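Structure file coords_21.txt; described as compact mmCIF, C-alpha atoms (C1' of nucleotides).
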```
# COMPACT_ATOMS: atom_id res chain seq x y z
CA MET V 1066 0.00 0.00 0.00
CA VAL V 1067 2.62 2.47 1.13
CA LYS V 1068 5.09 0.45 -0.96
CA HIS V 1069 2.93 1.03 -3.97
CA MET V 1070 2.93 4.77 -3.38
CA LEU V 1071 6.70 4.80 -3.17
CA ASP V 1072 6.96 2.83 -6.39
CA HIS V 1073 4.72 5.33 -8.07
CA GLN V 1074 6.86 8.13 -6.72
CA LYS V 1075 10.03 6.57 -8.05
CA SER V 1076 8.54 6.01 -11.48
CA SER V 1077 7.29 9.58 -11.50
CA ASP V 1078 10.78 10.75 -10.59
CA ARG V 1079 12.32 8.79 -13.44
CA LEU V 1080 9.67 10.03 -15.83
CA PHE V 1081 10.00 13.74 -15.11
CA HIS V 1082 13.77 13.45 -14.91
CA ALA V 1083 13.78 11.90 -18.37
CA LEU V 1084 11.64 14.73 -19.71
CA ALA V 1085 13.88 17.42 -18.25
CA GLU V 1086 16.72 17.17 -20.76
CA PRO V 1087 16.34 19.21 -23.99
CA ASN V 1088 18.06 16.65 -26.23
CA ARG V 1089 15.87 13.91 -24.83
CA ARG V 1090 12.79 15.98 -25.58
CA ALA V 1091 14.11 16.48 -29.10
CA MET V 1092 14.35 12.70 -29.40
CA ILE V 1093 10.77 12.37 -28.23
CA GLU V 1094 9.63 14.92 -30.81
CA ARG V 1095 11.42 12.95 -33.49
CA LEU V 1096 9.90 9.69 -32.30
CA SER V 1097 6.40 11.18 -32.29
CA ARG V 1098 6.73 11.15 -36.08
CA GLY V 1099 7.68 7.48 -36.20
CA PRO V 1100 10.18 4.88 -35.01
CA ALA V 1101 13.89 5.50 -35.50
CA SER V 1102 17.24 3.82 -35.01
CA VAL V 1103 19.83 4.99 -32.51
CA LYS V 1104 21.86 6.41 -35.38
CA GLU V 1105 18.95 8.37 -36.80
CA LEU V 1106 18.16 9.82 -33.39
CA ALA V 1107 21.76 10.82 -32.74
CA GLU V 1108 22.37 12.33 -36.19
CA PRO V 1109 20.64 15.73 -35.78
CA LEU V 1110 21.95 16.20 -32.26
CA PRO V 1111 25.31 17.77 -31.37
CA MET V 1112 26.72 14.71 -29.66
CA SER V 1113 28.36 11.34 -30.16
CA LEU V 1114 26.49 8.10 -30.70
CA ALA V 1115 27.52 6.93 -27.24
CA ALA V 1116 25.99 10.01 -25.65
CA ALA V 1117 22.75 9.51 -27.57
CA LEU V 1118 22.63 5.92 -26.37
CA GLN V 1119 22.88 7.08 -22.77
CA HIS V 1120 19.92 9.38 -23.31
CA LEU V 1121 17.96 6.54 -24.86
CA GLN V 1122 18.69 4.36 -21.86
CA VAL V 1123 17.28 7.05 -19.59
CA LEU V 1124 14.19 7.29 -21.79
CA GLU V 1125 13.73 3.54 -21.79
CA ASN V 1126 14.19 3.18 -18.03
CA SER V 1127 11.55 5.84 -17.53
CA GLY V 1128 9.13 4.00 -19.80
CA VAL V 1129 8.93 6.81 -22.34
CA ILE V 1130 10.25 4.62 -25.12
CA ARG V 1131 10.48 0.94 -25.93
CA THR V 1132 13.36 -0.43 -28.01
CA GLU V 1133 13.90 -3.61 -29.96
CA LYS V 1134 17.07 -4.79 -31.60
CA VAL V 1135 16.91 -6.71 -34.84
CA GLY V 1136 20.16 -7.51 -36.54
CA ARG V 1137 22.61 -4.78 -35.74
CA VAL V 1138 20.09 -1.96 -35.54
CA ARG V 1139 18.07 -1.04 -32.47
CA THR V 1140 14.74 0.54 -33.26
CA CYS V 1141 13.15 2.94 -30.77
CA ARG V 1142 9.47 3.83 -30.53
CA LEU V 1143 7.40 6.03 -28.28
CA GLU V 1144 5.36 4.54 -25.43
CA PRO V 1145 2.25 6.69 -25.08
CA ALA V 1146 1.33 5.40 -21.63
CA ALA V 1147 4.29 7.07 -19.95
CA LEU V 1148 3.63 10.42 -21.58
CA ARG V 1149 -0.02 10.12 -20.61
CA GLN V 1150 1.01 9.56 -17.00
CA ALA V 1151 3.01 12.80 -16.89
CA GLU V 1152 0.17 14.56 -18.65
CA ALA V 1153 -2.28 13.26 -16.07
CA TRP V 1154 -0.24 14.50 -13.13
CA LEU V 1155 0.03 17.98 -14.62
CA HIS V 1156 -3.66 18.01 -15.47
CA GLN V 1157 -4.61 17.02 -11.95
CA GLN V 1158 -2.54 19.74 -10.29
CA ARG V 1159 -3.71 22.41 -12.69
CA THR V 1160 -7.40 21.61 -12.60
CA ALA V 1161 -7.46 21.20 -8.83
CA TRP V 1162 -6.15 24.75 -8.56
CA GLU V 1163 -8.46 26.11 -11.26
CA LYS V 1164 -11.51 24.49 -9.68
CA ARG V 1165 -10.56 26.10 -6.42
CA LEU V 1166 -10.41 29.48 -8.10
CA ASP V 1167 -13.85 28.89 -9.61
CA ARG V 1168 -15.31 27.88 -6.25
CA LEU V 1169 -14.05 31.14 -4.80
CA GLY V 1170 -15.78 33.11 -7.50
CA ASP V 1171 -12.44 34.43 -8.72
CA VAL V 1172 -12.98 37.81 -7.04
CA LEU V 1173 -14.65 37.10 -3.71
CA ASP V 1174 -12.84 37.14 -0.39
CA ASP V 1175 -9.46 35.41 -0.39
CA ASP V 1176 -8.95 35.47 3.37
CA ASN V 1177 -9.03 31.73 3.81
CA ASP V 1178 -5.97 29.53 4.33
CA MET I 844 11.02 34.32 -35.84
CA VAL I 845 13.93 32.02 -35.13
CA LYS I 846 14.53 34.13 -32.02
CA HIS I 847 11.02 33.37 -30.90
CA MET I 848 11.60 29.66 -31.29
CA LEU I 849 14.74 29.83 -29.18
CA ASP I 850 12.88 31.77 -26.51
CA HIS I 851 10.21 29.14 -26.47
CA GLN I 852 12.87 26.46 -26.21
CA LYS I 853 14.51 28.15 -23.27
CA SER I 854 11.24 28.58 -21.44
CA SER I 855 10.42 24.96 -22.10
CA ASP I 856 13.81 23.98 -20.70
CA ARG I 857 13.21 25.97 -17.54
CA LEU I 858 9.72 24.56 -17.22
CA PHE I 859 10.60 20.88 -17.51
CA HIS I 860 13.70 21.36 -15.41
CA ALA I 861 11.55 22.86 -12.67
CA LEU I 862 9.18 19.89 -12.84
CA ALA I 863 11.99 17.35 -12.60
CA GLU I 864 12.72 17.70 -8.90
CA PRO I 865 10.58 15.60 -6.52
CA ASN I 866 10.46 18.20 -3.75
CA ARG I 867 9.42 20.86 -6.23
CA ARG I 868 6.62 18.61 -7.47
CA ALA I 869 5.57 18.11 -3.84
CA MET I 870 5.38 21.88 -3.52
CA ILE I 871 3.22 22.05 -6.63
CA GLU I 872 0.88 19.41 -5.21
CA ARG I 873 0.59 21.43 -2.03
CA LEU I 874 -0.07 24.62 -3.97
CA SER I 875 -2.76 22.95 -6.06
CA ARG I 876 -4.80 22.93 -2.85
CA GLY I 877 -4.33 26.63 -2.24
CA PRO I 878 -1.74 29.38 -1.72
CA ALA I 879 0.93 28.95 0.91
CA SER I 880 3.81 30.81 2.53
CA VAL I 881 7.45 29.81 2.11
CA LYS I 882 7.38 28.44 5.65
CA GLU I 883 4.31 26.31 5.03
CA LEU I 884 5.83 24.89 1.88
CA ALA I 885 9.14 24.09 3.55
CA GLU I 886 7.60 22.55 6.69
CA PRO I 887 6.69 19.06 5.39
CA LEU I 888 9.89 18.73 3.37
CA PRO I 889 13.18 17.36 4.74
CA MET I 890 15.17 20.53 4.17
CA SER I 891 15.99 23.96 5.50
CA LEU I 892 14.00 27.09 4.75
CA ALA I 893 16.84 28.38 2.60
CA ALA I 894 16.73 25.25 0.45
CA ALA I 895 12.98 25.56 0.02
CA LEU I 896 13.44 29.16 -1.06
CA GLN I 897 15.87 28.07 -3.76
CA HIS I 898 13.30 25.61 -5.08
CA LEU I 899 10.65 28.31 -5.09
CA GLN I 900 12.94 30.58 -7.07
CA VAL I 901 13.33 27.86 -9.68
CA LEU I 902 9.56 27.42 -9.79
CA GLU I 903 9.00 31.14 -10.12
CA ASN I 904 11.61 31.59 -12.87
CA SER I 905 9.95 28.81 -14.81
CA GLY I 906 6.56 30.47 -14.48
CA VAL I 907 5.01 27.60 -12.53
CA ILE I 908 4.27 29.82 -9.55
CA ARG I 909 3.78 33.48 -8.83
CA THR I 910 4.74 34.97 -5.47
CA GLU I 911 3.83 38.12 -3.64
CA LYS I 912 5.28 39.45 -0.45
CA VAL I 913 3.09 41.30 1.99
CA GLY I 914 4.59 42.25 5.30
CA ARG I 915 7.17 39.64 6.17
CA VAL I 916 5.42 36.71 4.54
CA ARG I 917 5.74 35.74 0.92
CA THR I 918 2.69 33.97 -0.45
CA CYS I 919 3.06 31.55 -3.35
CA ARG I 920 0.34 30.47 -5.73
CA LEU I 921 0.16 28.20 -8.75
CA GLU I 922 0.20 29.65 -12.27
CA PRO I 923 -1.96 27.33 -14.39
CA ALA I 924 -0.66 28.64 -17.72
CA ALA I 925 2.79 27.15 -17.24
CA LEU I 926 1.45 23.74 -16.28
CA ARG I 927 -0.89 23.87 -19.25
CA GLN I 928 2.09 24.55 -21.52
CA ALA I 929 3.93 21.41 -20.36
CA GLU I 930 0.69 19.48 -20.63
CA ALA I 931 0.22 20.70 -24.20
CA TRP I 932 3.70 19.62 -25.28
CA LEU I 933 3.19 16.12 -23.87
CA HIS I 934 -0.25 15.90 -25.42
CA GLN I 935 1.07 16.90 -28.82
CA GLN I 936 3.85 14.32 -28.86
CA ARG I 937 1.62 11.56 -27.58
CA THR I 938 -1.32 12.17 -29.90
CA ALA I 939 0.91 12.63 -32.94
CA TRP I 940 2.28 9.16 -32.31
CA GLU I 941 -1.11 7.64 -31.52
CA LYS I 942 -2.66 9.12 -34.65
CA ARG I 943 0.16 7.64 -36.66
CA LEU I 944 -0.57 4.23 -35.18
CA ASP I 945 -4.24 4.64 -36.07
CA ARG I 946 -3.42 5.64 -39.63
CA LEU I 947 -1.36 2.49 -39.99
CA GLY I 948 -4.28 0.37 -38.86
CA ASP I 949 -2.31 -0.82 -35.85
CA VAL I 950 -1.44 -4.14 -37.52
CA LEU I 951 -0.72 -3.36 -41.17
CA ASP I 952 2.76 -3.15 -42.64
CA ASP I 953 5.26 -1.20 -40.59
CA ASP I 954 7.98 -1.13 -43.26
CA ASN I 955 7.92 2.61 -43.75
CA ASP I 956 10.49 5.05 -42.34
C1' DG F 218 37.35 -13.55 -44.87
C1' DG F 219 37.81 -8.72 -44.32
C1' DA F 220 36.12 -3.99 -44.22
C1' DA F 221 32.41 -1.14 -42.97
C1' DA F 222 28.35 -0.06 -40.20
C1' DA F 223 25.71 0.06 -35.88
C1' DG F 224 25.79 -0.36 -31.38
C1' DT F 225 27.75 -1.23 -26.57
C1' DT F 226 30.65 -0.64 -22.44
C1' DA F 227 33.70 1.68 -19.30
C1' DA F 228 36.46 5.28 -17.47
C1' DG F 229 37.02 9.95 -16.61
C1' DC F 230 36.09 14.96 -16.53
C1' DG F 231 33.98 19.46 -15.94
C1' DA F 232 29.62 21.64 -14.96
C1' DC F 233 25.60 21.93 -12.64
C1' DC F 234 22.39 20.81 -8.68
C1' DG F 235 20.51 20.46 -4.22
C1' DC F 236 21.61 21.29 0.18
C1' DT F 237 23.83 23.26 4.40
C1' DT F 238 25.57 26.83 7.39
C1' DG F 239 26.02 31.36 8.90
C1' DA F 240 25.28 36.13 8.72
C1' DC F 241 21.93 39.39 7.83
C1' DT F 242 17.31 42.18 7.11
C1' DA F 243 12.75 43.32 7.93
C1' DA F 244 8.23 42.88 10.00
C1' DT F 245 5.43 41.58 14.12
C1' DG F 246 3.98 41.00 18.94
C1' DC F 247 4.50 41.95 23.67
C1' DG U 908 12.57 48.51 22.47
C1' DC U 909 13.49 43.96 22.26
C1' DA U 910 12.72 39.16 21.17
C1' DT U 911 10.65 36.42 17.80
C1' DT U 912 9.28 35.18 13.27
C1' DA U 913 9.84 34.96 8.23
C1' DG U 914 12.56 35.43 4.73
C1' DT U 915 17.02 36.52 2.09
C1' DC U 916 21.87 36.22 0.49
C1' DA U 917 26.35 34.04 -0.22
C1' DA U 918 29.83 30.68 0.10
C1' DG U 919 31.01 26.05 -0.12
C1' DC U 920 30.57 21.00 -0.58
C1' DG U 921 29.49 16.41 -2.31
C1' DG U 922 26.97 14.07 -5.68
C1' DT U 923 24.85 13.66 -10.08
C1' DC U 924 24.61 14.64 -15.04
C1' DG U 925 25.91 14.93 -19.79
C1' DC U 926 29.48 14.24 -22.59
C1' DT U 927 33.89 12.48 -24.56
C1' DT U 928 37.24 9.06 -25.94
C1' DA U 929 38.77 4.50 -26.56
C1' DA U 930 38.34 -0.29 -26.91
C1' DC U 931 35.28 -3.87 -28.21
C1' DT U 932 31.29 -6.84 -30.33
C1' DT U 933 28.13 -8.10 -33.70
C1' DT U 934 26.01 -7.86 -38.11
C1' DT U 935 26.10 -6.86 -42.92
C1' DC U 936 28.01 -6.41 -47.49
C1' DC U 937 31.31 -7.53 -51.13
```
Can the structure from this file be put into structure tokens for me?
Amino acid sequence: MVKHMLDHQKSSDRLFHALAEPNRRAMIERLSRGPASVKELAEPLPMSLAAALQHLQVLENSGVIRTEKVGRVRTCRLEPAALRQAEAWLHQQRTAWEKRLDRLGDVLDDDND
Amino acid sequence: MVKHMLDHQKSSDRLFHALAEPNRRAMIERLSRGPASVKELAEPLPMSLAAALQHLQVLENSGVIRTEKVGRVRTCRLEPAALRQAEAWLHQQRTAWEKRLDRLGDVLDDDND
DNA sequence: GGAAAAGTTAAGCGACCGCTTGACTAATGC
DNA sequence: GCATTAGTCAAGCGGTCGCTTAACTTTTCC
């Protein structure tokens, strides 16, 4: 029960940490347009193949992508569930706050809390 | 034009970087339930007041919160627009990929790209 | 079979991050 | 007016992060 909450926390940590890096977000944008190999993902970025691979490992550990190696090429594809999870967290925080504003009438007394 | 894109990139970097830290996300969750002082935000977290302040500065620079000081207490409140921006980016990447899957019929040939 | 292509692993390095401590300021309450 | 409360600023420290290089493996192509 508590264990489950901690697991969720850790996965959330990995997820948002993965999303924090600009080059990783660039990879995600590329992958939103279709699967790609490690080479293809590294190409447009200002870094070595090894560096790109490290980013991909972070993305895979966070659940944002899934990869599959066939022959000598590893193909990466987006995993929508992980992105949806981050989306859901943001949505929840935002709407909770917005609903609160609505309940207060947006202009009425703010001398609570 | 290009300048604008770079600005957007930088603000996106700040935004996702702000969201990456677990304690900062805890602060956001707290603030989704209503405004709070620096003290109140620091209290439940395992850190000094000074550390909490640093987190709040990151959150404010990223646009996630807005703060206002009256007397000796600084009150922090959530800024929905920033959260919505992160939400929108995630939504765009995810749906672009999901639409692509739909277009491919989910099972048909995947020998493109 | 040998060269090229694609990826993998490990070590190391500089920069950045989160946090602490300590000194300080400013408002509040008695 | 003096102690308390709330916040601010700066320096410093250890750990993490992103990246590089170098050595290596595996697959593919001729």
Write out as a PyMOL selection string each polymer residue whose atoms come within 7 Å of region 904-907 of chain I, counting only C-alpha atoms (C1' of nucleotides); drop sequence neighbours fewer than 6 positions from it.
chain I and resi 854+857-858+861+921-922+925-926
What's the 8 Å shell around Asp856 (chain I), counting all atoms listed in the file, without same-chain residues fewer than 3 positions away, as JSON, numbers by chain?
{"V": [1085, 1086, 1087], "I": [852, 853, 859, 860]}
Give me, as a Markdown table, the closest atom pair and its distance (Å, one decimal) for every residue of chain F within a cut-off of 10 Å of region 913-927 of chain U, counting only C-alpha atoms (C1' of nucleotides), rows sorted by chain and rising number.
```
| residue | atom | partner | partner_atom | distance |
| --- | --- | --- | --- | --- |
| F:DG229 | C1' | U:DT927 | C1' | 8.9 |
| F:DC230 | C1' | U:DT927 | C1' | 8.7 |
| F:DG231 | C1' | U:DC926 | C1' | 9.6 |
| F:DA232 | C1' | U:DC924 | C1' | 8.6 |
| F:DC233 | C1' | U:DC924 | C1' | 7.7 |
| F:DC234 | C1' | U:DT923 | C1' | 7.7 |
| F:DG235 | C1' | U:DG922 | C1' | 9.2 |
| F:DC236 | C1' | U:DC920 | C1' | 9.0 |
| F:DT237 | C1' | U:DC920 | C1' | 8.7 |
| F:DT238 | C1' | U:DA918 | C1' | 9.3 |
| F:DG239 | C1' | U:DA917 | C1' | 9.5 |
| F:DA240 | C1' | U:DC916 | C1' | 8.9 |
| F:DC241 | C1' | U:DC916 | C1' | 8.0 |
| F:DT242 | C1' | U:DT915 | C1' | 7.6 |
| F:DA243 | C1' | U:DG914 | C1' | 8.5 |
| F:DA244 | C1' | U:DA913 | C1' | 8.3 |
| F:DT245 | C1' | U:DA913 | C1' | 9.9 |
```
Could you list the residues in chain F lying within 9 Å of chain V, using all atoms listed in the file, and format the result as an NGL selection string?
:F and (222-225)
Around all of region 230-239 of chain F's listed atoms, make the axis-aligned box with 8 Å on each side and tell me centre and edge lengths in Å to one decimal, as lines of an AutoDock Vina configuration file.
```
center_x = 28.3
center_y = 23.2
center_z = -3.8
size_x = 31.6
size_y = 32.4
size_z = 41.4
```
Counting all atoms listed in the file, collect the residues of chain V whose closest atom lies at most 10 Å from chain I, and write them out as number ranges by chain.
V: 1074-1075, 1077-1087, 1090, 1093-1101, 1142-1166, 1175, 1177-1178
Separation of CA of His847 (chain I) from CA of Asn1088 (chain V) in Å
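About the pair CA of Asn1088 (chain V) and CA of His847 (chain I): they are 18.7 Å apart.
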What is the distance between CA of Glu1125 (chain V) and CA of Ala869 (chain I), in Å to one decimal?
24.5 Å
Which value, in Å to one decimal, gives the distance between CA of Thr918 (chain I) and C1' of DA910 (chain U)?
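Computed distance, CA of Thr918 (chain I) to C1' of DA910 (chain U), equals 24.4 Å.
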If I only want chain F, can you write it with N, CA and C atoms (P, O5', C5', C4', C3', O3' and C1' of nucleotides), as a short mmCIF file (atom, residue, chain, number, x, y, z; two decimals), in the first residue's frame?
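Just written: decode_3.cif:
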```cif
data_model
loop_
_atom_site.label_atom_id
_atom_site.label_comp_id
_atom_site.auth_asym_id
_atom_site.auth_seq_id
_atom_site.Cartn_x
_atom_site.Cartn_y
_atom_site.Cartn_z
P DG F 218 36.96 -17.30 -43.57
"O5'" DG F 218 38.39 -16.65 -43.38
"C5'" DG F 218 39.18 -16.48 -44.57
"C4'" DG F 218 39.19 -15.00 -44.92
"C3'" DG F 218 39.29 -14.06 -43.72
"O3'" DG F 218 39.98 -12.89 -44.13
"C1'" DG F 218 37.35 -13.55 -44.87
P DG F 219 41.23 -12.31 -43.53
"O5'" DG F 219 40.95 -10.78 -43.90
"C5'" DG F 219 40.71 -10.42 -45.26
"C4'" DG F 219 39.88 -9.16 -45.31
"C3'" DG F 219 40.10 -8.23 -44.10
"O3'" DG F 219 40.16 -6.91 -44.57
"C1'" DG F 219 37.81 -8.72 -44.32
P DA F 220 40.65 -5.68 -43.69
"O5'" DA F 220 39.69 -4.49 -44.17
"C5'" DA F 220 39.31 -4.40 -45.54
"C4'" DA F 220 37.97 -3.68 -45.62
"C3'" DA F 220 37.85 -2.46 -44.70
"O3'" DA F 220 37.17 -1.44 -45.40
"C1'" DA F 220 36.12 -3.99 -44.22
P DA F 221 37.06 0.06 -44.80
"O5'" DA F 221 35.49 0.18 -44.53
"C5'" DA F 221 34.58 -0.17 -45.57
"C4'" DA F 221 33.18 -0.26 -44.99
"C3'" DA F 221 32.80 0.92 -44.08
"O3'" DA F 221 31.52 1.39 -44.51
"C1'" DA F 221 32.41 -1.14 -42.97
P DA F 222 30.84 2.64 -43.75
"O5'" DA F 222 29.77 1.89 -42.84
"C5'" DA F 222 28.84 1.02 -43.45
"C4'" DA F 222 27.86 0.54 -42.41
"C3'" DA F 222 27.33 1.64 -41.48
"O3'" DA F 222 25.94 1.41 -41.31
"C1'" DA F 222 28.35 -0.06 -40.20
P DA F 223 25.08 2.43 -40.46
"O5'" DA F 223 24.99 1.67 -39.07
"C5'" DA F 223 24.11 0.56 -38.96
"C4'" DA F 223 24.07 0.13 -37.51
"C3'" DA F 223 23.78 1.27 -36.53
"O3'" DA F 223 22.67 0.90 -35.73
"C1'" DA F 223 25.71 0.06 -35.88
P DG F 224 22.15 1.84 -34.59
"O5'" DG F 224 22.90 1.19 -33.34
"C5'" DG F 224 22.69 -0.20 -33.14
"C4'" DG F 224 23.68 -0.71 -32.15
"C3'" DG F 224 23.52 -0.16 -30.73
"O3'" DG F 224 23.11 -1.25 -29.94
"C1'" DG F 224 25.79 -0.36 -31.38
P DT F 225 22.64 -1.06 -28.44
"O5'" DT F 225 23.99 -1.28 -27.63
"C5'" DT F 225 24.63 -2.54 -27.73
"C4'" DT F 225 25.89 -2.55 -26.90
"C3'" DT F 225 25.75 -1.94 -25.50
"O3'" DT F 225 25.97 -2.99 -24.57
"C1'" DT F 225 27.75 -1.23 -26.57
P DT F 226 25.79 -2.80 -23.02
"O5'" DT F 226 27.25 -2.44 -22.49
"C5'" DT F 226 28.33 -3.32 -22.76
"C4'" DT F 226 29.62 -2.71 -22.25
"C3'" DT F 226 29.48 -2.03 -20.88
"O3'" DT F 226 30.37 -2.69 -19.99
"C1'" DT F 226 30.65 -0.64 -22.44
P DA F 227 30.43 -2.37 -18.44
"O5'" DA F 227 31.68 -1.37 -18.38
"C5'" DA F 227 32.85 -1.70 -19.12
"C4'" DA F 227 33.89 -0.62 -18.93
"C3'" DA F 227 33.84 0.08 -17.57
"O3'" DA F 227 35.17 0.24 -17.12
"C1'" DA F 227 33.70 1.68 -19.30
P DA F 228 35.49 0.61 -15.60
"O5'" DA F 228 36.37 1.93 -15.78
"C5'" DA F 228 37.39 1.96 -16.76
"C4'" DA F 228 37.75 3.39 -17.07
"C3'" DA F 228 37.86 4.28 -15.83
"O3'" DA F 228 39.13 4.92 -15.87
"C1'" DA F 228 36.46 5.28 -17.47
P DG F 229 39.57 5.93 -14.75
"O5'" DG F 229 39.17 7.35 -15.33
"C5'" DG F 229 39.72 7.75 -16.58
"C4'" DG F 229 39.15 9.11 -16.91
"C3'" DG F 229 39.17 10.09 -15.74
"O3'" DG F 229 39.58 11.35 -16.24
"C1'" DG F 229 37.02 9.95 -16.61
P DC F 230 40.26 12.43 -15.29
"O5'" DC F 230 39.75 13.79 -15.89
"C5'" DC F 230 39.33 13.87 -17.27
"C4'" DC F 230 38.24 14.91 -17.40
"C3'" DC F 230 38.21 15.91 -16.23
"O3'" DC F 230 38.07 17.21 -16.75
"C1'" DC F 230 36.09 14.96 -16.53
P DG F 231 38.70 18.45 -15.96
"O5'" DG F 231 37.62 19.58 -16.22
"C5'" DG F 231 37.09 19.76 -17.54
"C4'" DG F 231 35.63 20.16 -17.43
"C3'" DG F 231 35.37 21.31 -16.45
"O3'" DG F 231 34.54 22.23 -17.14
"C1'" DG F 231 33.98 19.46 -15.94
P DA F 232 34.09 23.60 -16.42
"O5'" DA F 232 32.52 23.33 -16.27
"C5'" DA F 232 31.82 22.78 -17.38
"C4'" DA F 232 30.36 22.56 -16.99
"C3'" DA F 232 29.81 23.71 -16.15
"O3'" DA F 232 28.51 23.99 -16.65
"C1'" DA F 232 29.62 21.64 -14.96
P DC F 233 27.67 25.18 -15.95
"O5'" DC F 233 26.51 24.38 -15.21
"C5'" DC F 233 25.88 23.29 -15.87
"C4'" DC F 233 25.11 22.49 -14.84
"C3'" DC F 233 24.23 23.35 -13.92
"O3'" DC F 233 22.95 22.73 -13.89
"C1'" DC F 233 25.60 21.93 -12.64
P DC F 234 21.70 23.44 -13.17
"O5'" DC F 234 21.09 22.24 -12.32
"C5'" DC F 234 21.88 21.12 -12.02
"C4'" DC F 234 21.39 20.41 -10.78
"C3'" DC F 234 20.39 21.17 -9.93
"O3'" DC F 234 19.46 20.23 -9.42
"C1'" DC F 234 22.39 20.81 -8.68
P DG F 235 18.13 20.72 -8.67
"O5'" DG F 235 18.41 20.36 -7.15
"C5'" DG F 235 18.59 19.02 -6.76
"C4'" DG F 235 19.10 18.98 -5.34
"C3'" DG F 235 18.24 19.78 -4.34
"O3'" DG F 235 17.97 18.94 -3.24
"C1'" DG F 235 20.51 20.46 -4.22
P DC F 236 17.03 19.39 -2.05
"O5'" DC F 236 18.09 19.87 -0.97
"C5'" DC F 236 18.99 18.89 -0.43
"C4'" DC F 236 20.10 19.57 0.33
"C3'" DC F 236 19.64 20.58 1.38
"O3'" DC F 236 19.58 19.96 2.66
"C1'" DC F 236 21.61 21.29 0.18
P DT F 237 19.26 20.78 3.99
"O5'" DT F 237 20.70 21.33 4.42
"C5'" DT F 237 21.79 20.40 4.54
"C4'" DT F 237 23.04 21.14 5.01
"C3'" DT F 237 22.74 22.09 6.17
"O3'" DT F 237 23.56 21.81 7.30
"C1'" DT F 237 23.83 23.26 4.40
P DT F 238 23.15 22.48 8.71
"O5'" DT F 238 24.22 23.66 8.83
"C5'" DT F 238 25.56 23.46 8.43
"C4'" DT F 238 26.27 24.80 8.34
"C3'" DT F 238 25.95 25.75 9.50
"O3'" DT F 238 27.18 26.20 10.06
"C1'" DT F 238 25.57 26.83 7.39
P DG F 239 27.22 26.98 11.42
"O5'" DG F 239 27.28 28.49 10.88
"C5'" DG F 239 28.19 28.82 9.85
"C4'" DG F 239 28.00 30.27 9.48
"C3'" DG F 239 27.57 31.15 10.65
"O3'" DG F 239 28.28 32.38 10.57
"C1'" DG F 239 26.02 31.36 8.90
P DA F 240 28.21 33.45 11.73
"O5'" DA F 240 27.80 34.76 10.93
"C5'" DA F 240 28.44 35.05 9.68
"C4'" DA F 240 27.60 36.06 8.94
"C3'" DA F 240 27.08 37.19 9.83
"O3'" DA F 240 27.22 38.43 9.16
"C1'" DA F 240 25.28 36.13 8.72
P DC F 241 26.92 39.80 9.94
"O5'" DC F 241 25.54 40.26 9.28
"C5'" DC F 241 25.42 40.28 7.86
"C4'" DC F 241 23.97 40.35 7.47
"C3'" DC F 241 23.16 41.42 8.22
"O3'" DC F 241 22.94 42.53 7.36
"C1'" DC F 241 21.93 39.39 7.83
P DT F 242 22.14 43.83 7.93
"O5'" DT F 242 20.66 43.57 7.39
"C5'" DT F 242 20.45 43.29 6.02
"C4'" DT F 242 18.96 43.15 5.77
"C3'" DT F 242 18.12 44.28 6.38
"O3'" DT F 242 17.24 44.74 5.39
"C1'" DT F 242 17.31 42.18 7.11
P DA F 243 16.37 46.06 5.58
"O5'" DA F 243 14.92 45.50 5.91
"C5'" DA F 243 14.36 44.51 5.06
"C4'" DA F 243 13.13 43.95 5.72
"C3'" DA F 243 12.24 45.01 6.40
"O3'" DA F 243 10.91 44.66 6.10
"C1'" DA F 243 12.75 43.32 7.93
P DA F 244 9.77 45.80 6.17
"O5'" DA F 244 8.69 45.14 7.12
"C5'" DA F 244 7.99 44.01 6.64
"C4'" DA F 244 7.57 43.18 7.81
"C3'" DA F 244 6.49 43.81 8.70
"O3'" DA F 244 5.38 42.94 8.64
"C1'" DA F 244 8.23 42.88 10.00
P DT F 245 3.99 43.35 9.27
"O5'" DT F 245 4.06 42.66 10.70
"C5'" DT F 245 4.28 41.26 10.77
"C4'" DT F 245 4.37 40.83 12.22
"C3'" DT F 245 3.28 41.43 13.10
"O3'" DT F 245 2.53 40.34 13.62
"C1'" DT F 245 5.43 41.58 14.12
P DG F 246 1.38 40.52 14.65
"O5'" DG F 246 2.16 40.34 16.04
"C5'" DG F 246 2.80 39.11 16.34
"C4'" DG F 246 3.16 39.10 17.82
"C3'" DG F 246 2.05 39.64 18.72
"O3'" DG F 246 2.08 38.87 19.93
"C1'" DG F 246 3.98 41.00 18.94
P DC F 247 0.96 39.01 21.03
"O5'" DC F 247 1.72 39.63 22.29
"C5'" DC F 247 2.78 38.88 22.90
"C4'" DC F 247 3.64 39.80 23.76
"C3'" DC F 247 2.84 40.61 24.79
"O3'" DC F 247 3.08 40.12 26.10
"C1'" DC F 247 4.50 41.95 23.67
#
```
